[in-house]
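What follows is a set of notes on a single structure, which appears directly below.
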Amino acid sequence: MREFIVEADGGSRGNPGPAGYGAVVLDAATGEPLVEAAEYIGIATNNVAEYRGLMAGLRAAHQLDPSATVHVRMDSKLVIEQMSGRWKIKHPDMKPLAAEASRIFPPDQVTYEWIPREQNKHADRLANEAMDAGKRGEQWSATRSTAELDSGASRSAADASDSAAAPSSPADADVRAATAVATPGWAPVDMGAPATFVLLRHGETPLTPQKRFSGSGGTNPSLSDVGREQAERAGASLARRGTIQAIVASPLARTRETAGIVARHLGLEVSVEDEIRETDFGAWEGLTFAEVRERYPDDLTRWLSDPTVEPSGGGESFAATATRIAAARDKLVAAYAGRTVLLVSHVTPIKTFVQLALGAPPEALFRMELSAASLSAVAYYADGNASVRLFNDTSHLR
């Protein structure tokens, strides 16, 4: 079952006075805006405009998926308390609006939460855009809206803590310091629903705590008991969100095992995509970073300074990995346009997805932390733009 967040607001310049509403439907898993709605409604009160915003947001969510669960967030205490059933609705203008709103979804599919106004900036700006358009004698236009641009950084559904990532080896190693970064991003609302990749790194293997290079050319280890528990937790968390529509895994044992555990929670089948496998680290497979530095110091220095250099023994360069991942990205975006797909992969491929989405240089790979069983997310739009929505989220493991 999919899960949406509806943020809605309404305003009146006079109360009653010229009024308008705004609403945005977000993907609960990624915080990605799926639909915006706004309208100038003429002379009305704040409360009427707020209810109209609520109804617009619920209707937009219903059009996306009438079976979804919806969490409504508004800064109107009145609307939230009345729709939650804790306050009686006495005003004659409010009763029909509340009744209409309650009929859009079955009551057990909708929950309500009051939030401070500063956390509802996207909907607030949409409402103000609608009122500004009405003042000019125009209707609000989605193609001219900048509400998401202006308020994206404050959208709590996609927010995570900003923390500086320390340099790390790109080896398939357990990185303890979690860095959760959400980039607001933007694409025009008329681009349609993007292909969204939720990127899950596999759970721990016996090599992970030892921080050993573990690529596609090594012993192909399975998950440890810890790794299987991490996969269970990731699967349970993704099942609660209910937004994953397909699962694609790397062919290696650790990713297929992780994907299989998650798939049991989601009730989905697993497809295998060879191109999202880990980099081949050549003669460095199974070694720690310190051991590689001791045995192959010159090769390591060249590898760290040039993305086209292969590891010792004929492994795969970062440049070759990036070419492979870019091709896989294009194929998967075409196959899953408008859908949310879970890609179960490895450190280097996931970092590369993010690096390519950001247009960052190859050395950015050394400046990202990526923990075992962490979640990241990138959305790809029809015009070729990409938006990084989440990075290295490990909240489901705590």
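Residues in the structure tokens are named by chain (A, B, ... in the order shown) and by number from 1 within that chain; ligands are numbered from 1 in the order shown.
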
- Task: Write out as a PyMOL selection string all residues of stretch 167-384 of chain A that backbone DSSP assigns to strand (DSSP E).
- Result: chain A and resi 195-201+246-249+270-272+340-345+375-380

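Every protein, DNA or RNA residue with an atom at most 12 Å from A:Val292, where only C-alpha atoms count and chain neighbours fewer than 6 positions away do not, is listed here: Ser169, Ala171, Lys211, Arg212, Phe213, Phe281, Gly282, Ala283, Trp284, Glu285, Gly286, Asp298, Asp299, Leu300, Thr301, Trp303, Pro311 and Ser312 of chain A.
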
Write the residues you've just listed into a file as a PDB file, in the first residue's frame, and include N, CA and C atoms for each of them.
```pdb
ATOM      1  N   SER A 169      37.466   5.057   2.371  1.00  0.00           N
ATOM      2  CA  SER A 169      37.793   4.175   1.274  1.00  0.00           C
ATOM      3  C   SER A 169      36.539   3.792   0.533  1.00  0.00           C
ATOM      4  N   ALA A 171      36.003   1.063  -0.727  1.00  0.00           N
ATOM      5  CA  ALA A 171      35.814  -0.374  -0.595  1.00  0.00           C
ATOM      6  C   ALA A 171      34.466  -0.681   0.022  1.00  0.00           C
ATOM      7  N   LYS A 211      36.401  -4.239   7.304  1.00  0.00           N
ATOM      8  CA  LYS A 211      36.670  -3.184   6.321  1.00  0.00           C
ATOM      9  C   LYS A 211      37.586  -3.671   5.202  1.00  0.00           C
ATOM     10  N   ARG A 212      37.204  -4.790   4.622  1.00  0.00           N
ATOM     11  CA  ARG A 212      37.988  -5.373   3.538  1.00  0.00           C
ATOM     12  C   ARG A 212      37.335  -5.069   2.191  1.00  0.00           C
ATOM     13  N   PHE A 213      38.159  -4.893   1.167  1.00  0.00           N
ATOM     14  CA  PHE A 213      37.640  -4.718  -0.182  1.00  0.00           C
ATOM     15  C   PHE A 213      36.829  -5.963  -0.552  1.00  0.00           C
ATOM     16  N   PHE A 281      37.639  -5.298  -7.646  1.00  0.00           N
ATOM     17  CA  PHE A 281      38.840  -4.694  -7.065  1.00  0.00           C
ATOM     18  C   PHE A 281      40.117  -5.486  -7.335  1.00  0.00           C
ATOM     19  N   GLY A 282      40.073  -6.397  -8.281  1.00  0.00           N
ATOM     20  CA  GLY A 282      41.274  -7.094  -8.721  1.00  0.00           C
ATOM     21  C   GLY A 282      41.994  -7.819  -7.602  1.00  0.00           C
ATOM     22  N   ALA A 283      43.316  -7.605  -7.532  1.00  0.00           N
ATOM     23  CA  ALA A 283      44.148  -8.281  -6.535  1.00  0.00           C
ATOM     24  C   ALA A 283      43.897  -7.773  -5.123  1.00  0.00           C
ATOM     25  N   TRP A 284      43.124  -6.703  -4.997  1.00  0.00           N
ATOM     26  CA  TRP A 284      42.865  -6.136  -3.666  1.00  0.00           C
ATOM     27  C   TRP A 284      41.680  -6.803  -2.971  1.00  0.00           C
ATOM     28  N   GLU A 285      40.961  -7.668  -3.686  1.00  0.00           N
ATOM     29  CA  GLU A 285      39.801  -8.324  -3.086  1.00  0.00           C
ATOM     30  C   GLU A 285      40.194  -9.049  -1.792  1.00  0.00           C
ATOM     31  N   GLY A 286      39.433  -8.793  -0.735  1.00  0.00           N
ATOM     32  CA  GLY A 286      39.663  -9.451   0.544  1.00  0.00           C
ATOM     33  C   GLY A 286      40.684  -8.783   1.429  1.00  0.00           C
ATOM     34  N   ASP A 298      52.289   2.059  -4.876  1.00  0.00           N
ATOM     35  CA  ASP A 298      52.269   2.903  -6.077  1.00  0.00           C
ATOM     36  C   ASP A 298      50.944   2.770  -6.821  1.00  0.00           C
ATOM     37  N   ASP A 299      50.469   1.522  -6.941  1.00  0.00           N
ATOM     38  CA  ASP A 299      49.191   1.315  -7.615  1.00  0.00           C
ATOM     39  C   ASP A 299      48.055   2.033  -6.875  1.00  0.00           C
ATOM     40  N   LEU A 300      48.078   1.967  -5.548  1.00  0.00           N
ATOM     41  CA  LEU A 300      47.032   2.604  -4.755  1.00  0.00           C
ATOM     42  C   LEU A 300      47.054   4.113  -4.935  1.00  0.00           C
ATOM     43  N   THR A 301      48.244   4.703  -4.947  1.00  0.00           N
ATOM     44  CA  THR A 301      48.365   6.150  -5.116  1.00  0.00           C
ATOM     45  C   THR A 301      47.789   6.583  -6.463  1.00  0.00           C
ATOM     46  N   TRP A 303      45.588   4.956  -8.265  1.00  0.00           N
ATOM     47  CA  TRP A 303      44.157   4.672  -8.256  1.00  0.00           C
ATOM     48  C   TRP A 303      43.366   5.763  -7.538  1.00  0.00           C
ATOM     49  N   PRO A 311      42.529  -1.115 -10.301  1.00  0.00           N
ATOM     50  CA  PRO A 311      43.249  -1.704  -9.169  1.00  0.00           C
ATOM     51  C   PRO A 311      44.299  -2.704  -9.675  1.00  0.00           C
ATOM     52  N   SER A 312      45.205  -3.083  -8.828  1.00  0.00           N
ATOM     53  CA  SER A 312      46.238  -4.051  -9.202  1.00  0.00           C
ATOM     54  C   SER A 312      45.594  -5.357  -9.658  1.00  0.00           C
TER      55      SER A 312
END
```

- Residue nearest A:Ala193 among A:Tyr381, A:Tyr51, A:Phe353, A:Tyr112 (counting only C-alpha atoms):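 Between A:Tyr381, A:Tyr51, A:Phe353, A:Tyr112, the residue approaching A:Ala193 most closely is A:Tyr381.
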
- Excluding stretch 277-280 of chain A and residues on its chain fewer than 6 positions from it, collect all residues at most 7 Å away from it, counting only C-alpha atoms, and give them as a PyMOL selection string. chain A and resi 215-217+250-252+315-316+321+345-346+348-349

Just-selected residues, N, CA and C atoms written as a PDB file, in the first residue's frame:
```pdb
ATOM      1  N   GLY A 215      34.465  -6.802  -3.697  1.00  0.00           N
ATOM      2  CA  GLY A 215      33.833  -6.386  -4.932  1.00  0.00           C
ATOM      3  C   GLY A 215      33.161  -7.534  -5.648  1.00  0.00           C
ATOM      4  N   SER A 216      33.154  -7.456  -6.981  1.00  0.00           N
ATOM      5  CA  SER A 216      32.502  -8.496  -7.776  1.00  0.00           C
ATOM      6  C   SER A 216      33.468  -9.585  -8.197  1.00  0.00           C
ATOM      7  N   GLY A 217      34.749  -9.423  -7.886  1.00  0.00           N
ATOM      8  CA  GLY A 217      35.734 -10.418  -8.304  1.00  0.00           C
ATOM      9  C   GLY A 217      36.304 -11.230  -7.166  1.00  0.00           C
ATOM     10  N   SER A 250      21.480  -6.505  -7.595  1.00  0.00           N
ATOM     11  CA  SER A 250      22.743  -6.960  -8.166  1.00  0.00           C
ATOM     12  C   SER A 250      22.780  -8.489  -8.097  1.00  0.00           C
ATOM     13  N   PRO A 251      23.551  -9.139  -8.976  1.00  0.00           N
ATOM     14  CA  PRO A 251      23.566 -10.610  -8.989  1.00  0.00           C
ATOM     15  C   PRO A 251      24.388 -11.247  -7.870  1.00  0.00           C
ATOM     16  N   LEU A 252      25.135 -10.468  -7.093  1.00  0.00           N
ATOM     17  CA  LEU A 252      26.007 -11.042  -6.080  1.00  0.00           C
ATOM     18  C   LEU A 252      25.203 -11.580  -4.902  1.00  0.00           C
ATOM     19  N   GLY A 315      41.631  -5.114 -12.142  1.00  0.00           N
ATOM     20  CA  GLY A 315      40.262  -4.881 -11.688  1.00  0.00           C
ATOM     21  C   GLY A 315      39.573  -3.847 -12.556  1.00  0.00           C
ATOM     22  N   GLU A 316      38.553  -3.200 -11.995  1.00  0.00           N
ATOM     23  CA  GLU A 316      37.731  -2.248 -12.741  1.00  0.00           C
ATOM     24  C   GLU A 316      37.969  -0.836 -12.224  1.00  0.00           C
ATOM     25  N   THR A 321      33.301   1.795 -14.024  1.00  0.00           N
ATOM     26  CA  THR A 321      32.111   1.577 -13.205  1.00  0.00           C
ATOM     27  C   THR A 321      31.052   2.642 -13.509  1.00  0.00           C
ATOM     28  N   SER A 345      21.997  -2.791  -4.025  1.00  0.00           N
ATOM     29  CA  SER A 345      23.308  -2.749  -4.668  1.00  0.00           C
ATOM     30  C   SER A 345      24.421  -2.608  -3.621  1.00  0.00           C
ATOM     31  N   HIS A 346      25.499  -1.943  -4.012  1.00  0.00           N
ATOM     32  CA  HIS A 346      26.733  -1.914  -3.227  1.00  0.00           C
ATOM     33  C   HIS A 346      27.237  -0.487  -3.054  1.00  0.00           C
ATOM     34  N   THR A 348      30.062   1.236  -4.150  1.00  0.00           N
ATOM     35  CA  THR A 348      30.497   2.037  -5.296  1.00  0.00           C
ATOM     36  C   THR A 348      29.364   2.349  -6.262  1.00  0.00           C
ATOM     37  N   PRO A 349      28.520   1.385  -6.636  1.00  0.00           N
ATOM     38  CA  PRO A 349      27.406   1.744  -7.526  1.00  0.00           C
ATOM     39  C   PRO A 349      26.464   2.780  -6.940  1.00  0.00           C
TER      40      PRO A 349
END
```

- Item | Residue set, stretch 117-336 of chain A restricted to helix (DSSP H, G or I), as a PyMOL selection string | chain A and resi 117-119+121-135+142-144+147-154+189-191+225-241+253-266+274-276+282-284+289-295+297-305+318-335

- Query: Which neighbours of stretch 88-100 of chain A fall inside 10 Å, counting only C-alpha atoms, when residues of the same chain fewer than 5 positions from it are skipped, and could you give them as a PyMOL selection string?
  - Reply: chain A and resi 45+47-48+50-52+54-55+78-79+81-83+105

Writing out the chosen residues with C-alpha atoms as a PDB file, in the first residue's frame:
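In the end it all went to selection-v1.pdb:
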```pdb
ATOM      1  CA  THR A  45     -12.396  33.360   5.524  1.00  0.00           C
ATOM      2  CA  ASN A  47     -10.870  28.641   7.785  1.00  0.00           C
ATOM      3  CA  VAL A  48     -12.855  28.130   4.606  1.00  0.00           C
ATOM      4  CA  GLU A  50      -7.867  25.996   4.812  1.00  0.00           C
ATOM      5  CA  TYR A  51     -10.631  23.432   4.380  1.00  0.00           C
ATOM      6  CA  ARG A  52     -10.595  23.970   0.618  1.00  0.00           C
ATOM      7  CA  LEU A  54      -7.354  20.122   2.617  1.00  0.00           C
ATOM      8  CA  MET A  55      -9.951  18.870   0.137  1.00  0.00           C
ATOM      9  CA  LEU A  78      -8.856  24.129  13.988  1.00  0.00           C
ATOM     10  CA  VAL A  79      -8.939  21.939  10.884  1.00  0.00           C
ATOM     11  CA  GLU A  81      -8.614  18.969  15.609  1.00  0.00           C
ATOM     12  CA  GLN A  82     -12.009  19.008  13.898  1.00  0.00           C
ATOM     13  CA  MET A  83     -11.050  16.425  11.275  1.00  0.00           C
ATOM     14  CA  PHE A 105     -10.947   8.652   1.580  1.00  0.00           C
TER      15      PHE A 105
END
```

- Note on the structure: With distances taken over only C-alpha atoms, the candidate from A:Met368, A:Leu34, A:Val262, A:Val272 nearest A:Phe391 is A:Met368
